[in-house]
Structure formats: C-alpha cells, structure tokens
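For reference, final_32.cif is printed below; it contains mmCIF, C-alpha atoms.
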data_work
loop_
_atom_site.label_atom_id
_atom_site.label_comp_id
_atom_site.auth_asym_id
_atom_site.auth_seq_id
_atom_site.Cartn_x
_atom_site.Cartn_y
_atom_site.Cartn_z
CA MET V 1 19.86 -14.13 45.81
CA GLU V 2 23.47 -14.01 44.74
CA SER V 3 24.12 -16.15 47.79
CA ALA V 4 22.29 -18.94 46.04
CA ALA V 5 24.66 -18.87 43.10
CA VAL V 6 27.77 -18.62 45.28
CA SER V 7 26.56 -21.27 47.71
CA MET V 8 25.54 -23.46 44.82
CA MET V 9 29.06 -23.49 43.42
CA ILE V 10 30.61 -24.28 46.81
CA LEU V 11 28.08 -26.97 47.64
CA ARG V 12 28.47 -28.50 44.20
CA LEU V 13 32.21 -28.66 44.65
CA CYS V 14 31.77 -30.26 48.05
CA SER V 15 29.11 -32.70 46.94
CA GLY V 16 31.08 -33.66 43.86
CA MET V 17 33.45 -35.54 46.19
CA GLN V 18 30.56 -37.61 47.56
CA ARG V 19 30.03 -39.78 44.48
CA VAL V 20 31.29 -42.97 45.99
CA VAL V 21 28.15 -44.98 46.74
CA PRO V 22 25.48 -44.93 44.02
CA THR V 23 21.81 -45.37 44.82
CA ILE V 24 19.43 -47.47 42.77
CA THR V 25 15.68 -47.02 42.75
CA ARG V 26 13.52 -49.96 41.71
CA LEU V 27 10.10 -49.22 40.29
CA HIS V 28 9.01 -52.87 40.16
CA VAL V 29 9.44 -55.88 42.43
CA TYR V 30 10.20 -59.19 40.69
CA SER V 31 9.66 -62.70 41.97
CA SER V 32 12.61 -64.41 43.64
CA SER V 33 12.70 -67.13 40.99
CA ARG V 34 13.04 -64.62 38.15
CA ALA V 35 15.68 -62.68 40.06
CA ALA V 36 17.70 -65.84 40.69
CA SER V 37 17.44 -66.88 37.05
CA THR V 38 18.54 -63.47 35.84
CA ALA V 39 21.45 -63.39 38.29
CA ALA V 40 22.63 -66.83 37.18
CA SER V 41 22.47 -65.80 33.54
CA SER V 42 24.44 -62.64 34.27
CA MET V 43 27.13 -64.59 36.10
CA LYS V 44 27.59 -66.95 33.18
CA HIS V 45 27.79 -63.95 30.83
CA ALA V 46 30.45 -62.40 33.04
CA GLU V 47 32.68 -65.48 32.93
CA ARG V 48 34.05 -64.49 29.54
CA GLN V 49 35.36 -61.16 28.29
CA LEU V 50 32.72 -59.22 26.38
CA THR V 51 33.61 -57.50 23.13
CA SER V 52 32.95 -53.78 22.72
CA GLN V 53 29.95 -54.52 20.52
CA GLU V 54 28.49 -56.82 23.17
CA VAL V 55 28.96 -54.13 25.82
CA TYR V 56 27.10 -51.61 23.64
CA ALA V 57 24.29 -54.10 22.94
CA ARG V 58 23.78 -54.98 26.60
CA GLU V 59 23.57 -51.37 27.73
CA ASP V 60 21.19 -50.60 24.88
CA LYS V 61 18.95 -53.52 25.84
CA TYR V 62 18.75 -53.06 29.60
CA GLY V 63 19.50 -49.39 30.20
CA ALA V 64 17.56 -46.19 29.69
CA HIS V 65 18.46 -44.34 26.50
CA ASN V 66 19.16 -41.01 28.19
CA TYR V 67 22.79 -40.82 27.03
CA HIS V 68 24.48 -41.06 23.65
CA PRO V 69 27.91 -42.47 24.55
CA LEU V 70 30.86 -42.39 22.23
CA PRO V 71 31.27 -46.00 21.06
CA VAL V 72 34.17 -47.17 23.21
CA ALA V 73 33.83 -49.76 26.00
CA LEU V 74 36.24 -48.94 28.82
CA GLU V 75 37.54 -51.50 31.28
CA ARG V 76 40.25 -49.80 33.33
CA GLY V 77 42.08 -46.54 33.85
CA LYS V 78 45.33 -45.23 35.28
CA GLY V 79 46.34 -41.59 35.49
CA ILE V 80 45.43 -39.85 32.22
CA TYR V 81 44.89 -43.14 30.36
CA VAL V 82 41.97 -45.53 29.92
CA TRP V 83 41.85 -48.93 28.20
CA ASP V 84 38.95 -50.57 26.39
CA VAL V 85 37.90 -54.21 26.68
CA GLU V 86 40.10 -55.12 23.71
CA GLY V 87 43.13 -53.58 25.41
CA ARG V 88 43.44 -50.39 23.33
CA ARG V 89 44.82 -47.42 25.26
CA TYR V 90 43.44 -43.87 25.00
CA TYR V 91 44.18 -40.44 26.42
CA ASP V 92 41.16 -39.43 28.50
CA PHE V 93 40.21 -35.87 27.57
CA LEU V 94 36.87 -35.92 29.37
CA SER V 95 37.92 -37.06 32.87
CA ALA V 96 34.36 -38.20 33.68
CA TYR V 97 33.20 -34.60 33.14
CA SER V 98 36.13 -33.49 35.34
CA ALA V 99 35.12 -35.76 38.24
CA VAL V 100 38.51 -37.54 38.15
CA ASN V 101 40.76 -34.49 38.04
CA GLN V 102 43.41 -36.34 40.05
CA GLY V 103 43.61 -38.99 37.32
CA HIS V 104 42.16 -42.48 37.26
CA CYS V 105 42.85 -44.68 40.29
CA HIS V 106 45.22 -42.29 42.04
CA PRO V 107 47.17 -44.44 44.55
CA LYS V 108 46.54 -42.16 47.53
CA ILE V 109 42.80 -42.01 46.86
CA ILE V 110 42.56 -45.76 46.26
CA ALA V 111 44.46 -46.43 49.48
CA ALA V 112 42.04 -44.25 51.46
CA LEU V 113 39.09 -45.94 49.76
CA ASN V 114 40.30 -49.46 50.50
CA ASP V 115 41.27 -48.68 54.08
CA GLN V 116 37.94 -47.06 54.96
CA ALA V 117 35.88 -49.64 53.05
CA SER V 118 37.27 -52.35 55.31
CA LYS V 119 36.24 -50.45 58.47
CA LEU V 120 32.94 -48.55 58.03
CA THR V 121 31.18 -47.40 54.88
CA LEU V 122 27.73 -46.06 55.83
CA THR V 123 25.97 -45.04 59.03
CA SER V 124 23.40 -42.53 57.73
CA ARG V 125 23.19 -39.20 59.51
CA ALA V 126 21.10 -40.78 62.28
CA PHE V 127 24.38 -41.34 64.15
CA TYR V 128 27.75 -39.64 64.44
CA ASN V 129 30.80 -41.21 62.82
CA ASN V 130 34.48 -40.47 63.34
CA ILE V 131 35.20 -39.40 59.74
CA LEU V 132 32.51 -36.85 58.85
CA GLY V 133 33.74 -34.17 61.25
CA ALA V 134 37.31 -34.52 60.00
CA TYR V 135 36.10 -34.02 56.43
CA GLU V 136 33.95 -31.04 57.42
CA GLU V 137 36.84 -29.38 59.25
CA PHE V 138 39.23 -29.98 56.37
CA ILE V 139 37.02 -28.68 53.57
CA THR V 140 35.68 -25.62 55.42
CA ASN V 141 39.23 -24.58 56.34
CA LEU V 142 40.40 -25.18 52.78
CA PHE V 143 37.72 -23.00 51.17
CA GLY V 144 37.17 -20.51 53.99
CA TYR V 145 33.57 -21.14 55.04
CA ASP V 146 31.93 -21.84 58.40
CA LYS V 147 29.85 -24.84 57.43
CA VAL V 148 29.46 -27.56 54.78
CA LEU V 149 26.43 -29.72 54.02
CA PRO V 150 27.65 -32.80 52.13
CA MET V 151 25.36 -34.41 49.57
CA ASN V 152 25.93 -37.06 46.88
CA THR V 153 25.97 -35.35 43.50
CA GLY V 154 26.52 -31.93 42.01
CA VAL V 155 22.86 -31.39 41.24
CA GLU V 156 21.92 -32.23 44.84
CA GLY V 157 24.38 -29.56 45.92
CA GLY V 158 22.54 -27.12 43.65
CA GLU V 159 19.15 -28.16 45.04
CA THR V 160 20.51 -27.72 48.56
CA ALA V 161 21.76 -24.23 47.70
CA CYS V 162 18.30 -23.29 46.42
CA LYS V 163 16.68 -24.48 49.64
CA LEU V 164 19.25 -22.68 51.76
CA ALA V 165 18.78 -19.45 49.83
CA ARG V 166 15.01 -19.54 50.22
CA LYS V 167 15.09 -20.52 53.90
CA TRP V 168 17.59 -17.77 54.68
CA ALA V 169 15.49 -15.26 52.73
CA TYR V 170 12.41 -16.01 54.85
CA THR V 171 13.92 -16.58 58.29
CA VAL V 172 16.79 -14.07 58.27
CA LYS V 173 16.31 -11.45 55.57
CA GLY V 174 12.55 -11.14 56.07
CA VAL V 175 11.37 -11.76 52.51
CA PRO V 176 7.56 -12.25 52.53
CA LYS V 177 6.68 -15.94 52.72
CA TYR V 178 6.97 -17.75 49.37
CA LYS V 179 7.88 -14.55 47.50
CA ALA V 180 11.62 -15.25 47.26
CA LYS V 181 13.30 -15.20 43.86
CA ILE V 182 16.51 -16.98 42.88
CA ILE V 183 18.52 -15.45 40.05
CA PHE V 184 20.32 -17.58 37.45
CA ALA V 185 22.47 -16.56 34.49
CA ASN V 186 21.38 -17.44 30.96
CA GLY V 187 23.22 -20.47 29.66
CA ASN V 188 23.72 -22.04 33.09
CA PHE V 189 23.86 -25.81 33.57
CA TRP V 190 23.95 -27.58 36.91
CA GLY V 191 22.02 -30.80 36.36
CA ARG V 192 18.75 -32.28 35.18
CA THR V 193 16.45 -32.36 38.20
CA MET V 194 13.22 -30.37 38.05
CA ALA V 195 14.77 -27.36 39.77
CA ALA V 196 17.84 -27.47 37.52
CA ILE V 197 15.86 -27.57 34.29
CA SER V 198 13.54 -24.85 35.61
CA SER V 199 16.55 -22.53 35.63
CA SER V 200 17.75 -23.62 32.18
CA THR V 201 17.66 -21.76 28.87
CA ASP V 202 18.49 -24.94 26.91
CA PRO V 203 15.39 -26.51 25.31
CA SER V 204 17.06 -29.93 25.23
CA SER V 205 17.08 -29.80 29.04
CA TYR V 206 13.60 -28.46 29.79
CA ASP V 207 11.36 -29.17 26.78
CA GLY V 208 8.59 -31.62 27.64
CA PHE V 209 9.10 -31.54 31.42
CA GLY V 210 6.92 -28.62 32.56
CA PRO V 211 5.33 -27.16 34.61
CA PHE V 212 8.48 -25.66 36.08
CA MET V 213 9.68 -24.45 39.46
CA PRO V 214 8.30 -20.97 40.32
CA GLY V 215 10.43 -18.20 41.74
CA PHE V 216 13.34 -18.59 39.34
CA GLU V 217 14.47 -15.66 37.20
CA LEU V 218 17.05 -15.54 34.40
CA ILE V 219 19.36 -12.66 33.54
CA PRO V 220 22.21 -12.20 31.03
CA TYR V 221 25.56 -13.54 32.19
CA ASN V 222 27.91 -10.95 33.73
CA ASP V 223 25.26 -8.20 33.59
CA ILE V 224 25.68 -6.48 36.96
CA PRO V 225 22.90 -3.88 36.50
CA ALA V 226 20.44 -6.73 36.03
CA LEU V 227 21.45 -8.22 39.40
CA GLU V 228 20.41 -5.85 42.17
CA VAL V 229 20.93 -8.12 45.17
CA SER V 230 23.36 -8.51 48.08
CA ALA V 231 25.96 -11.30 48.32
CA VAL V 232 25.87 -13.73 51.23
CA LEU V 233 28.30 -16.65 51.30
CA CYS V 234 27.32 -19.96 52.87
CA ASP V 235 28.50 -19.24 56.40
CA ASN V 236 26.66 -19.78 59.68
CA GLU V 237 23.98 -17.17 58.99
CA VAL V 238 22.83 -19.05 55.91
CA MET V 239 23.62 -22.66 56.77
CA LEU V 240 21.95 -22.56 60.18
CA ALA V 241 18.68 -21.46 58.62
CA ILE V 242 18.12 -25.16 57.90
CA LYS V 243 16.97 -27.10 60.98
CA PRO V 244 16.92 -30.86 61.73
CA GLY V 245 14.36 -32.64 59.60
CA GLU V 246 14.19 -29.91 56.93
CA HIS V 247 16.89 -31.31 54.65
CA GLY V 248 19.02 -34.43 54.55
CA SER V 249 20.59 -37.31 52.66
CA THR V 250 21.01 -40.96 53.61
CA TYR V 251 24.34 -41.27 51.83
CA GLY V 252 25.56 -37.68 52.19
CA GLY V 253 28.47 -37.48 54.61
CA ASN V 254 29.05 -41.23 54.73
CA PRO V 255 32.47 -42.25 56.14
CA LEU V 256 33.69 -43.81 52.92
CA ALA V 257 32.92 -40.74 50.82
CA CYS V 258 34.35 -38.37 53.42
CA ARG V 259 37.61 -40.30 53.67
CA VAL V 260 37.97 -40.31 49.89
CA ALA V 261 37.04 -36.62 49.66
CA VAL V 262 39.80 -35.59 52.06
CA ALA V 263 42.35 -37.69 50.16
CA ALA V 264 41.20 -36.22 46.84
CA LEU V 265 41.50 -32.65 48.10
CA GLU V 266 44.90 -33.38 49.63
CA VAL V 267 46.10 -34.61 46.23
CA LEU V 268 44.92 -31.35 44.64
CA GLU V 269 46.97 -29.38 47.17
CA GLU V 270 50.04 -31.59 47.50
CA GLU V 271 50.55 -32.06 43.77
CA LYS V 272 49.72 -28.40 43.01
CA LEU V 273 47.18 -29.44 40.41
CA ALA V 274 45.61 -25.98 40.09
CA GLU V 275 48.99 -24.54 39.16
CA ASN V 276 49.63 -27.38 36.73
CA ALA V 277 46.20 -26.89 35.16
CA ASP V 278 46.91 -23.22 34.58
CA LYS V 279 50.27 -23.93 32.92
CA MET V 280 49.16 -26.91 30.85
CA GLY V 281 45.93 -25.20 29.84
CA HIS V 282 47.80 -22.22 28.47
CA LEU V 283 50.05 -24.54 26.46
CA LEU V 284 47.05 -26.50 25.15
CA ARG V 285 45.16 -23.41 23.98
CA THR V 286 48.27 -21.88 22.42
CA GLU V 287 48.79 -24.98 20.31
CA LEU V 288 45.10 -25.40 19.46
CA MET V 289 45.03 -21.83 18.15
CA LYS V 290 47.25 -23.09 15.30
CA LEU V 291 44.46 -25.31 13.94
CA PRO V 292 42.88 -24.19 10.64
CA ASN V 293 40.10 -21.72 11.44
CA ASP V 294 37.99 -22.91 8.55
CA ILE V 295 37.43 -26.10 10.60
CA VAL V 296 38.02 -24.99 14.20
CA THR V 297 36.29 -21.63 14.51
CA THR V 298 36.86 -21.06 18.24
CA VAL V 299 39.28 -22.15 20.96
CA ARG V 300 38.33 -21.20 24.51
CA GLY V 301 38.79 -22.27 28.09
CA LYS V 302 40.48 -21.74 31.41
CA GLY V 303 42.99 -24.04 33.03
CA LEU V 304 42.36 -27.53 31.71
CA LEU V 305 38.65 -27.02 31.04
CA ASN V 306 38.69 -26.16 27.34
CA ALA V 307 36.65 -26.45 24.19
CA ILE V 308 36.92 -26.10 20.45
CA VAL V 309 34.05 -25.23 18.14
CA ILE V 310 33.84 -27.24 14.92
CA LYS V 311 32.35 -25.70 11.78
CA GLU V 312 29.80 -28.26 10.62
CA THR V 313 29.85 -29.31 6.95
CA THR V 314 28.57 -32.28 4.97
CA ASP V 315 32.00 -33.91 5.42
CA TYR V 316 32.54 -33.46 9.15
CA ASP V 317 31.02 -32.30 12.42
CA ALA V 318 31.98 -32.51 16.10
CA TRP V 319 30.73 -36.10 16.44
CA LYS V 320 32.73 -37.30 13.44
CA VAL V 321 35.82 -35.52 14.73
CA CYS V 322 35.43 -37.27 18.11
CA LEU V 323 35.07 -40.65 16.42
CA ARG V 324 38.29 -40.07 14.53
CA LEU V 325 40.03 -38.80 17.66
CA ARG V 326 39.03 -42.09 19.30
CA ASP V 327 40.51 -44.02 16.41
CA ASN V 328 43.72 -42.03 16.91
CA GLY V 329 43.89 -42.75 20.64
CA LEU V 330 42.19 -39.78 22.33
CA LEU V 331 38.72 -39.67 23.89
CA ALA V 332 36.66 -36.48 23.87
CA LYS V 333 32.93 -35.81 23.67
CA PRO V 334 30.80 -33.31 21.74
CA THR V 335 28.33 -31.03 23.48
CA HIS V 336 25.63 -28.80 22.00
CA GLY V 337 26.26 -30.15 18.53
CA ASP V 338 29.37 -28.27 17.41
CA ILE V 339 31.50 -28.06 20.58
CA ILE V 340 34.13 -30.55 21.70
CA ARG V 341 35.09 -30.43 25.37
CA LEU V 342 38.81 -31.01 26.04
CA ALA V 343 39.35 -31.63 29.76
CA PRO V 344 42.15 -34.08 30.66
CA PRO V 345 42.98 -34.93 34.29
CA LEU V 346 44.90 -32.16 35.99
CA VAL V 347 47.92 -34.45 36.46
CA VAL V 348 48.75 -34.33 32.74
CA LYS V 349 52.37 -33.41 31.92
CA GLU V 350 53.84 -31.22 29.18
CA ASP V 351 55.07 -34.06 26.98
CA GLU V 352 51.62 -35.67 27.20
CA ILE V 353 49.89 -32.40 26.28
CA ARG V 354 52.15 -32.05 23.25
CA GLU V 355 51.46 -35.62 22.17
CA CYS V 356 47.71 -35.04 22.52
CA VAL V 357 47.92 -31.79 20.58
CA ASP V 358 49.65 -33.74 17.82
CA ILE V 359 46.78 -36.25 17.80
CA ILE V 360 44.21 -33.46 17.64
CA GLN V 361 46.06 -31.65 14.86
CA ARG V 362 46.48 -34.81 12.77
CA THR V 363 42.82 -35.64 13.26
CA ILE V 364 41.57 -32.20 12.25
CA LEU V 365 43.84 -32.06 9.21
CA SER V 366 42.62 -35.47 8.07
CA PHE V 367 39.21 -34.02 7.12
#
Produce structure tokens that represent the structure in this file.
Amino acid sequence: MESAAVSMMILRLCSGMQRVVPTITRLHVYSSSRAASTAASSMKHAERQLTSQEVYAREDKYGAHNYHPLPVALERGKGIYVWDVEGRRYYDFLSAYSAVNQGHCHPKIIAALNDQASKLTLTSRAFYNNILGAYEEFITNLFGYDKVLPMNTGVEGGETACKLARKWAYTVKGVPKYKAKIIFANGNFWGRTMAAISSSTDPSSYDGFGPFMPGFELIPYNDIPALEVSAVLCDNEVMLAIKPGEHGSTYGGNPLACRVAVAALEVLEEEKLAENADKMGHLLRTELMKLPNDIVTTVRGKGLLNAIVIKETTDYDAWKVCLRLRDNGLLAKPTHGDIIRLAPPLVVKEDEIRECVDIIQRTILSF
C-alpha cells in the first residue's frame, strides 16, 4: 500500500508537467445563432482593455464560484514578477501553486512550446509520436524508475496511482479481489476528485460529497507502527499491471506537453534550482523568524515552499495581511484560514528575497 503513496508522488510530479492543453466539458448545447451572437459580443468586449473591476465582474458572472481569488487581475508575467491589467508589478509568491517553479515565461520553455506548437500538438495515444518516447526516457532516467504514465493534472496522477496500486495488489501480490486497502496520512491533500476527497480529513474538501470511495484508510502522519505494509516503487512490476484499455488519457503524453516537460525539467537541472531553493529558503525562513510572534505564531517550510501562521484578531487575519501585501507589491494567498503560503519561483535571487522579506516585515508591522 505504501507503493500507492510513493507512486502517487512520482506520478503527480510527472503529470504536473502535462498541464499545457486544458479540456472543457460542455453540459449544454446552444443554438448556432446564440453562439455567434455571444462570440461577437465577446470580441467587441476584448477590443478594449478591461479594468481589474471588470475582470472580477466577468468571472463572477460567467464562472463557477469554486474559488475565492485574491482581488488582482493579472495580465502578464516574467520570471518572479507578474503585472496586473493596470500595469502594476508584483512579486509572485504563489507561483501558480508551485506549477511555474522555473519562473513565468522562461525563455527556454517558451521556445520549446512555440517550436512544437508549430509542428504537432496532439495525436492521442491511438498513435505513436516522435516526442513521447523522448520525454519518457528523459524523466524515467532523471528520477530512477522503469516506467512513467503521463496524465494531465496532479490529481489524475493520484487517481492513476490508486488504480495501479489496486491492480498490482490483485494481479501480483495476490490480495483477494476487491479487498485491497490504500493507506493515506491524515492531513493529506492531492486534489478534489471523488477519490481525493475520500482520502481527506478536511471537511471543506469532503463535506456534502458522499458517499465516498471504499478501501481507503487514514493513519497519523509519520507513524510507522500504524503502517505495516511493504514498499513497492512504480517500476515494471507495478506499471505493467495495467493493460491496454484499462487506463488512459486523450491528452496525456501529447507531443506539446512532452516537449515542454523535458524543457522544464532541463531548466531545473541546468540552473540548479533545487540547490537555489534550499539556499534561498533558508534565508527566507531565517528572516521571517524575526517577525513579531504575537502576530506571526509559526514559520515553517522546506526549500522555497514555506508558510507563516497568522494569529487572528479583530484587527487582522491572514486574508487582510494578503490584501495589504498585494498593496505593497507582493502576492500571496491564505489557506486554511490562518496560514499564508510563501512559495516564489525557484529562480528567485538573494537580493529579491531580501526585498520581499522587507515587504513582508513592513506589512506585518503595519497592523
């Protein structure tokens, strides 16, 4: 069962590079006349620059209300910076939930994207293409595994890991049919699909969406005695338990995504971003520890994935701190009410970290 957790992390990392081509599901079919009218109206609206308030209003009107974005309307990004529609520049301390660790619009990644987009973008897995195998060879060699199964999103990687773990349990390990159990740690988060929320201990994720997936069990984090299972990494023995027709993805492994994924991973290696994250993260936490502990009660993290915990009062909370950080030129986002995630792109430099620490300190001390 531990193989599920290990495979899940690897598959999530792999699939996180596949977020190039989004899919859209339509639940209703509209008449061609209405579609043409709507399209014409949208084109006219796009002819002029929208204000931030107009951007907020349009999303609120036409989009599902499943997010609570910080009120800032972004238009472009470069490196560790993003700009809103009015031209204001901000430090990005969210990095699209760490999906743009190489920084916004990295030239090598953009070059790979543009080059491949002009040749071949999507074939489905019904046919071979000349890019998928190169990506598979590169990423399996990089991380030391026999096989990779590319998907589109992190949560699909997690779902794939669950299927692989169960299939391996039945066909290789000999677990009685449909009696397999997958073990998750309390406090885990890997998405919001039915399987993901079935493994969650966070009511905001699962409440109101039952019944839940059977065969999932939760244990305390880092409690080895509670986890009496063997560890199997996602090598041939596990991956080859899945046969043709048993799992797949139309967009997973598409040439465009694979080309971009290789470029993104090469940037991580060539620019030594893991080493930079370790160094810059240590500097960031050291400086954040100097914040007044009557406001910031906890500083924690590893590398450049960090968080501070804000003591909520009638005068301030994590949301209000993030709004003021925005006003001071730095974008961060609260999570779980009192926590602020601080995760800049891994390309950030020391002088930029120090400038951002100054912004954070000035913001905190302003309350």
**Q.** Point-to-point distance from CA of Leu325 (chain V) to CA of Lys302 (chain V), Å rounded to tenths
**A.**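 Between these atoms lies a distance of 21.9 Å.
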Going by the chain IDs and residue numbers used in this file, which residues fall under the PyMOL selection byres ((chain V and resi 54-58) around 10)? Write them as an mmCIF file with C-alpha atoms, in the coordinates of the input.
data_model
loop_
_atom_site.group_PDB
_atom_site.id
_atom_site.type_symbol
_atom_site.label_atom_id
_atom_site.label_comp_id
_atom_site.auth_asym_id
_atom_site.auth_seq_id
_atom_site.Cartn_x
_atom_site.Cartn_y
_atom_site.Cartn_z
ATOM 1 C CA GLN V 49 35.360 -61.160 28.290
ATOM 2 C CA LEU V 50 32.720 -59.220 26.380
ATOM 3 C CA THR V 51 33.610 -57.500 23.130
ATOM 4 C CA SER V 52 32.950 -53.780 22.720
ATOM 5 C CA GLN V 53 29.950 -54.520 20.520
ATOM 6 C CA GLU V 59 23.570 -51.370 27.730
ATOM 7 C CA ASP V 60 21.190 -50.600 24.880
ATOM 8 C CA LYS V 61 18.950 -53.520 25.840
ATOM 9 C CA TYR V 62 18.750 -53.060 29.600
ATOM 10 C CA GLY V 63 19.500 -49.390 30.200
ATOM 11 C CA PRO V 69 27.910 -42.470 24.550
ATOM 12 C CA PRO V 71 31.270 -46.000 21.060
ATOM 13 C CA VAL V 72 34.170 -47.170 23.210
ATOM 14 C CA ALA V 73 33.830 -49.760 26.000
ATOM 15 C CA LEU V 74 36.240 -48.940 28.820
ATOM 16 C CA VAL V 85 37.900 -54.210 26.680
#
(Q) Env of Val296 (chain V): 10 Å cut, atoms = only C-alpha atoms, seq-sep filter 4 positions within chain, self excluded. Answer as a VMD selection string. (A) chain V and resid 288 to 292 308 to 312 318 338 to 339 364
Write out as CSV a residue-level contact list of region 164-220 of chain V versus region 150-154 of chain V with cut-off 12 Å: for each qualifying residue the closest pair of atoms and the distance in Å to one decimal, counting all atoms listed in the file, rows sorted by chain and residue number upward.
residue,atom,partner,partner_atom,distance
V:Phe189,CA,V:Gly154,CA,10.8
V:Trp190,CA,V:Gly154,CA,7.2
V:Gly191,CA,V:Gly154,CA,7.3
V:Arg192,CA,V:Gly154,CA,10.4
V:Thr193,CA,V:Gly154,CA,10.8
V:Ala196,CA,V:Gly154,CA,10.7
Selection file, C-alpha atoms, as a PDB file, in the frame of the given file:
ATOM      1  CA  PHE V 189      23.860 -25.810  33.570  1.00  0.00           C
ATOM      2  CA  TRP V 190      23.950 -27.580  36.910  1.00  0.00           C
ATOM      3  CA  GLY V 191      22.020 -30.800  36.360  1.00  0.00           C
ATOM      4  CA  ARG V 192      18.750 -32.280  35.180  1.00  0.00           C
ATOM      5  CA  THR V 193      16.450 -32.360  38.200  1.00  0.00           C
ATOM      6  CA  ALA V 196      17.840 -27.470  37.520  1.00  0.00           C
TER       7      ALA V 196
END
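Relative to CA of Leu218 (chain V), CA of Phe184 (chain V) is found at 4.9 Å.
Residues matched by the PyMOL selection byres ((chain V and resi 273) around 12) in this file are Asn101, Gln102, Gly103, Ala264, Leu265, Glu266, Val267, Leu268, Glu269, Glu270, Glu271, Lys272, Ala274, Glu275, Asn276, Ala277, Asp278, Lys279, Met280, Gly281, Gly303, Leu304, Pro344, Pro345, Leu346, Val347, Val348 and Lys349 of chain V.
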**Q.** Atom-to-atom span, CA of Val238 (chain V) and CA of Trp168 (chain V), Å
**A.**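 Result for CA of Val238 (chain V) versus CA of Trp168 (chain V): 5.5 Å, one decimal.
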Translate the PyMOL selection byres ((chain V and resi 222) around 12), as applied to the file shown, into an explicit residue set as a CSV table (one decimal) with C-alpha atoms, keeping the file's coordinate frame.
chain,number,residue,atom,x,y,z
V,184,PHE,CA,20.3,-17.6,37.4
V,185,ALA,CA,22.5,-16.6,34.5
V,186,ASN,CA,21.4,-17.4,31.0
V,187,GLY,CA,23.2,-20.5,29.7
V,188,ASN,CA,23.7,-22.0,33.1
V,218,LEU,CA,17.0,-15.5,34.4
V,219,ILE,CA,19.4,-12.7,33.5
V,220,PRO,CA,22.2,-12.2,31.0
V,221,TYR,CA,25.6,-13.5,32.2
V,223,ASP,CA,25.3,-8.2,33.6
V,224,ILE,CA,25.7,-6.5,37.0
V,225,PRO,CA,22.9,-3.9,36.5
V,226,ALA,CA,20.4,-6.7,36.0
V,227,LEU,CA,21.4,-8.2,39.4
Q: Determine, counting all atoms listed in the file, which protein, DNA and RNA residues have an atom within 12 Å of an atom of Phe212 (chain V); residues of the same chain fewer than 4 positions away are not included. Present the result as JSON, numbers by chain.
A: {"V": [193, 194, 195, 196, 197, 198, 199, 200, 205, 206, 207, 208, 216, 217]}
Q.
So, with only C-alpha atoms as the atoms that count, which of V:Ala241, V:Ile80, V:Ala112, V:Ala64 lies closest to Thr160 (chain V)?
A.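 Nearest candidate to Thr160 (chain V) out of V:Ala241, V:Ile80, V:Ala112, V:Ala64: V:Ala241.
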(Q) Could you list, as a PyMOL selection string, every residue within 10 Å of Tyr178 (chain V), counting all atoms listed in the file and ignoring same-chain residues fewer than 5 positions away? (A) chain V and resi 166-167+169-170+214-215
Emit the selected residues as an mmCIF file, in the coordinates of the input, including C-alpha atoms.
data_model
loop_
_atom_site.group_PDB
_atom_site.id
_atom_site.type_symbol
_atom_site.label_atom_id
_atom_site.label_comp_id
_atom_site.auth_asym_id
_atom_site.auth_seq_id
_atom_site.Cartn_x
_atom_site.Cartn_y
_atom_site.Cartn_z
ATOM 1 C CA ARG V 166 15.010 -19.540 50.220
ATOM 2 C CA LYS V 167 15.090 -20.520 53.900
ATOM 3 C CA ALA V 169 15.490 -15.260 52.730
ATOM 4 C CA TYR V 170 12.410 -16.010 54.850
ATOM 5 C CA PRO V 214 8.300 -20.970 40.320
ATOM 6 C CA GLY V 215 10.430 -18.200 41.740
#
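Among the candidates V:Phe93, V:Leu240, V:Thr171, V:Ser204, the one nearest to Asn306 (chain V) when counting all atoms listed in the file is V:Phe93.
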Q: Rank nothing, just name the residue among V:Met239, V:Ile360, V:Leu365, V:Cys322 nearest to Asp294 (chain V), using all atoms listed in the file.
A: V:Leu365
Given 4 Å on each side, where is the centre and what are the edge lengths in Å to one decimal of the axis-aligned box enclosing the listed atoms of region 321-334 of chain V, as JSON?
{"center_x": 37.3, "center_y": -38.7, "center_z": 19.2, "size_x": 21.1, "size_y": 18.7, "size_z": 17.4}
Q | Closest of V:Gln361, V:Asn66, V:Asn141, V:Asn130 to Cys258 (chain V) - atom-to-atom distances counting all atoms listed in the file | A |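 Ranking V:Gln361, V:Asn66, V:Asn141, V:Asn130 by distance to Cys258 (chain V), first place goes to V:Asn130.
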